[in-house]
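Q: Input: one structure, supplied below.
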Amino acid sequence: MLEFAATIASALNIKTTQVEAVLNLLNEAATIPFIARYRKDKTGGLDEVQIQQIQEQSKLLKEFTERKTFIEKTISEQGKMTDALQLKINKAITIAELEDIYLPYKPKRKTKAQTARENGLEPLSVLILEQKDIDVVAEANTFITEKIKTADEALQGARDIIAELVNEDATVRAKLRKLFEDTALLQSKVLTDKETEAIKYKDYFDFSEAIHKIPSHRILAVLRGFLEGFLRMSIAPLEEDGLELIEKQYITASLNSSVEQVKKAIKDAYRRLLQPSLETEFRTALKTKADEEAITVFAENLKQLLLSSPLGSKRILALDPGYRTGCKLVCLNEKGDLQINDVIYIHEANKKYDAEYKIKELVAKYDIEVFAIGDGTAGRETEQFIKQMNLGKPIFLVNEDGASVYSASEIAREEFPEYDVTVRGSVSIGRRLMDPLAELVKIDPKSIGVGQYQHDVNQFRLKERLDQTVVSCVNQVGVNLNTASKHLLSYVSGIGATLAENIIKHRNEIGKFTDRNQLLKVPRLGGKAFEQCAGFLRIKEANNPLDGSSVHPEAYKLVEKIAKDLNTDLKSLIGNESLLKQVEAKKYSTEEIGELTIKDILNELKKPGLDPRSELEQFEYANIFSMEDVKVGMVVPGVVTNITRFGAFVDIGVKQDGLVHVSEIAHQYITDPSEVLKLNDKVQVKVLEVDTARKRIALSIKQTQDAPARTSHKSGVGSQKPVTQKDLSELNLNDALSALKNKFKN
């Protein structure tokens, strides 16, 4: 892989030595989180994104090299390799260029041109290509045989040979490819009699957009409609532009009968061979590009969701709301252990009193500190029921996307074999409030629902990127070695599923870990795995205080030396900012541990084991509970639940998220909502449009700055004052008449 270092460095605008360092470390089975955190001095401080890019570029270059080698071998075995051809191959810098060069030598099914050659028509094609002013029909008559009955058949065969020649011309294909890139349009039309069935694709019934401008979500929408049999689609530049480009390459004489035949062959080559081939190539390329962007959107959202603010260790009463089947509830202790489960019925008048009594009894018995309520069906109503009890405990609505997937999973059955899915789901809601990361790693990321068109993209690539995201988040936060589940441990650098299980078994045998070095006694966890994982695993109240920090064991002696030089011990040094400020990183720099790593160590020692996630803030929705309560012109609080390239979805507490189109997010021009918004952001939104039939709510963030203030932030927390019905009636609904119609581009 090192032979690619200079090429990768040039592409990513970094130093060759940095790329070489990363490739060497990857060859040594180092993980990306480990390289980014603990090998900064070798890589020059490259972050995870850059390291990931180096790894991916290396894979692409390897694939290119392997394909180039195969093509050279195949052509050489055919005895057709020449110095000029080898030079062309050596100059190729993309797979597409290689394939264009290889096309004439590529084994293929019998073509019209091959049949024409077998019928002895190649000399006629050569004669026509000379484009002399001759009687082509007379010449064609000389090629009539038992197989070629007429002059027209002879001319058709000659044109087939010329068409294949044009199609296999690498220069023509390269120029046409550039024409496609610059001017091709992606067009779609609804199929006849499919208008009713295809109503969700209405925006694409008669659609056209340049492929160099079209955003990923529209590509994926058209492709979905096409694959479902509702839309007809095409990707092509103007035909006359394509023909003109080829004719400039092949027409060398003024119009005569030979030139007419060449023009016919060119048109046939374009329509039958080149245009379909390049359309397929560009459809694949557009799909790949759209996939990557959609996957990136999903990965960005997933990262923000996984790094959501944790409540921490609290005694929680968690409710999974329901109407007919009742509200499933569980009580959890500070560790997330299940204490008791039950069912209450709060939506039946004759059972409300019993429900209230049960809640109060459990709050007292288990010293409950917080309520966690799933935000699905009946979530808001359940929240109101608990509020009116005035128990003085914080209430949190918890996003329950994926909770049902977890509750029916093998992981849940393993954790709670004696309980049914309803109990497992309630536990998941409570634990998700405590620590979103620890709970969400148990769920397939695709089930969490924070992407765009995630079911349409390359599923292998999606899984790869989402797994990378989970790994990155887990290692960024760090893991408590004595409380982590095997599912959380499996994402720690260098561990994986088997070692995670072995760690849990060993932990059960010894009671708890008191020293990171005890990891070396875990079966199959050798020196390399220890090197990769040790810094990301925390042991609270360990024998060595550094075991509770992100300082890697390989740097313990250096920290001890720093403490000794400052005439103090480790315990006194950790957290002592005034002492740590006296340390000069350069003074302790060695070949093994350089300045960048030492600066990281000093920062960590100031606040050891600090959770990088922000503190959880309480939030209140307005007093609206269904789409029927939502009126145009309202200004209400909401929470950002999903970010796409075309806009952000905001939960305003009515079971149907509203869409803030990218044009309605900020007064300044932005192309990507993530420039100004993050998942779980608390925002004020103005209702622009309500389409109950299509279950769509159009919202605006930027227009709230000009609208009457109807909500306010409470001091110190992220909660909002609810909007009352009186407030709503006072809103100037005329404001909405001039509001721009939000365009849903999904």
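A note on labels: chains of the structure tokens are A, B, ... as shown, every chain counts residues from 1, and ligands are counted from 1 in their shown order.
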Give me the region 37-141 of chain A side of the contact with region 21-24 of chain A, cut-off 7 Å, one line per residue showing its nearest atom pair and distance in Å at one decimal, counting only C-alpha atoms, sorted by chain and residue number, as CSV.

A:
```
residue,atom,partner,partner_atom,distance
A:Lys42,CA,A:Ala21,CA,6.1
A:Thr43,CA,A:Ala21,CA,5.7
A:Ile51,CA,A:Val22,CA,6.8
```

Q: Name the residues of region 324-384 of chain A that fall into alpha helix (DSSP H) according to DSSP on the backbone, using the chain letters and numbers of this document, as a list in words.

A: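 Reading the DSSP output for region 324-384 of chain A, alpha helix (DSSP H) covers Lys352, Tyr353, Asp354, Ala355, Glu356, Tyr357, Lys358, Ile359, Lys360, Glu361, Leu362, Val363, Ala364, Lys365, Gly379, Arg380, Glu381, Thr382, Glu383 and Gln384 of chain A.
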
Q: Smallest atom-to-atom distance to Tyr250 (chain A): which of A:Glu56, A:Glu617, A:Asp169, A:Glu118, using only C-alpha atoms?

A: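 Closest residue, counting only C-alpha atoms: A:Asp169.
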
Q: With distances taken over only C-alpha atoms, which of A:Ile71, A:Leu185, A:Val441, A:Met627 is nearest to Tyr102 (chain A)?

A: A:Ile71

Q: Point out the residue among A:Asp444, A:Glu153, A:Glu464, A:Glu595 with the least atom-to-atom distance to Ser409 (chain A), counting only C-alpha atoms.

A: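 Of all the options, A:Asp444 lies closest to Ser409 (chain A).
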
Q: I'd like the contact shell of Ser626 (chain A) - 6 Å cut-off, only C-alpha atoms, skipping same-chain residues fewer than 2 positions apart - returned as a ChimeraX atom specification.

A: /A:628-629,654

Q: Let me see the file: selected residues, C-alpha atoms, as a PDB file, in the first residue's frame.

A:
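Heads up, here's the output in again20.pdb:
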```
ATOM      1  CA  GLU A 628     -55.871  19.031  14.193  1.00  0.00           C
ATOM      2  CA  ASP A 629     -54.486  21.346  16.911  1.00  0.00           C
ATOM      3  CA  VAL A 654     -48.199  16.122  17.591  1.00  0.00           C
TER       4      VAL A 654
END
```

Q: Identify, on the basis of only C-alpha atoms, every residue whose closest approach to Gly653 (chain A) does not exceed 6 Å; exclude the query and any residue fewer than 2 positions from it along the same chain; express the result as a list in words.

A: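 Near neighbours after the sequence-gap exclusion: Tyr621, Asp651 and Lys655 of chain A.
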
Q: Between region 528-644 of chain A and region 308-325 of chain A, at 12 Å or less, what are the per-residue closest atom pairs and their distances in Å? Count only C-alpha atoms, order by chain and rising residue number, and return it as a tab-separated table.

A:
```
residue	atom	partner	partner_atom	distance
A:Asp611	CA	A:Pro310	CA	9.5
A:Pro612	CA	A:Ser309	CA	9.3
A:Arg613	CA	A:Ser309	CA	5.6
A:Ser614	CA	A:Ser309	CA	5.2
A:Glu615	CA	A:Ser309	CA	5.4
A:Leu616	CA	A:Ser309	CA	4.8
A:Glu617	CA	A:Ser309	CA	8.0
A:Gln618	CA	A:Leu311	CA	10.1
A:Thr641	CA	A:Ser308	CA	11.5
```

Q: Output C-alpha atoms of each residue in that selection to a file, as an mmCIF file, in the first residue's frame.

A:
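Result went into part-v2.cif, see below:
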```cif
data_model
loop_
_atom_site.group_PDB
_atom_site.id
_atom_site.type_symbol
_atom_site.label_atom_id
_atom_site.label_comp_id
_atom_site.auth_asym_id
_atom_site.auth_seq_id
_atom_site.Cartn_x
_atom_site.Cartn_y
_atom_site.Cartn_z
ATOM 1 C CA ASP A 611 -17.639 12.872 29.290
ATOM 2 C CA PRO A 612 -17.505 14.879 26.027
ATOM 3 C CA ARG A 613 -21.310 14.865 25.807
ATOM 4 C CA SER A 614 -23.259 17.916 26.951
ATOM 5 C CA GLU A 615 -25.600 17.897 29.931
ATOM 6 C CA LEU A 616 -29.212 16.876 29.381
ATOM 7 C CA GLU A 617 -31.752 19.702 29.339
ATOM 8 C CA GLN A 618 -35.444 19.353 30.065
ATOM 9 C CA THR A 641 -35.237 14.855 15.076
#
```
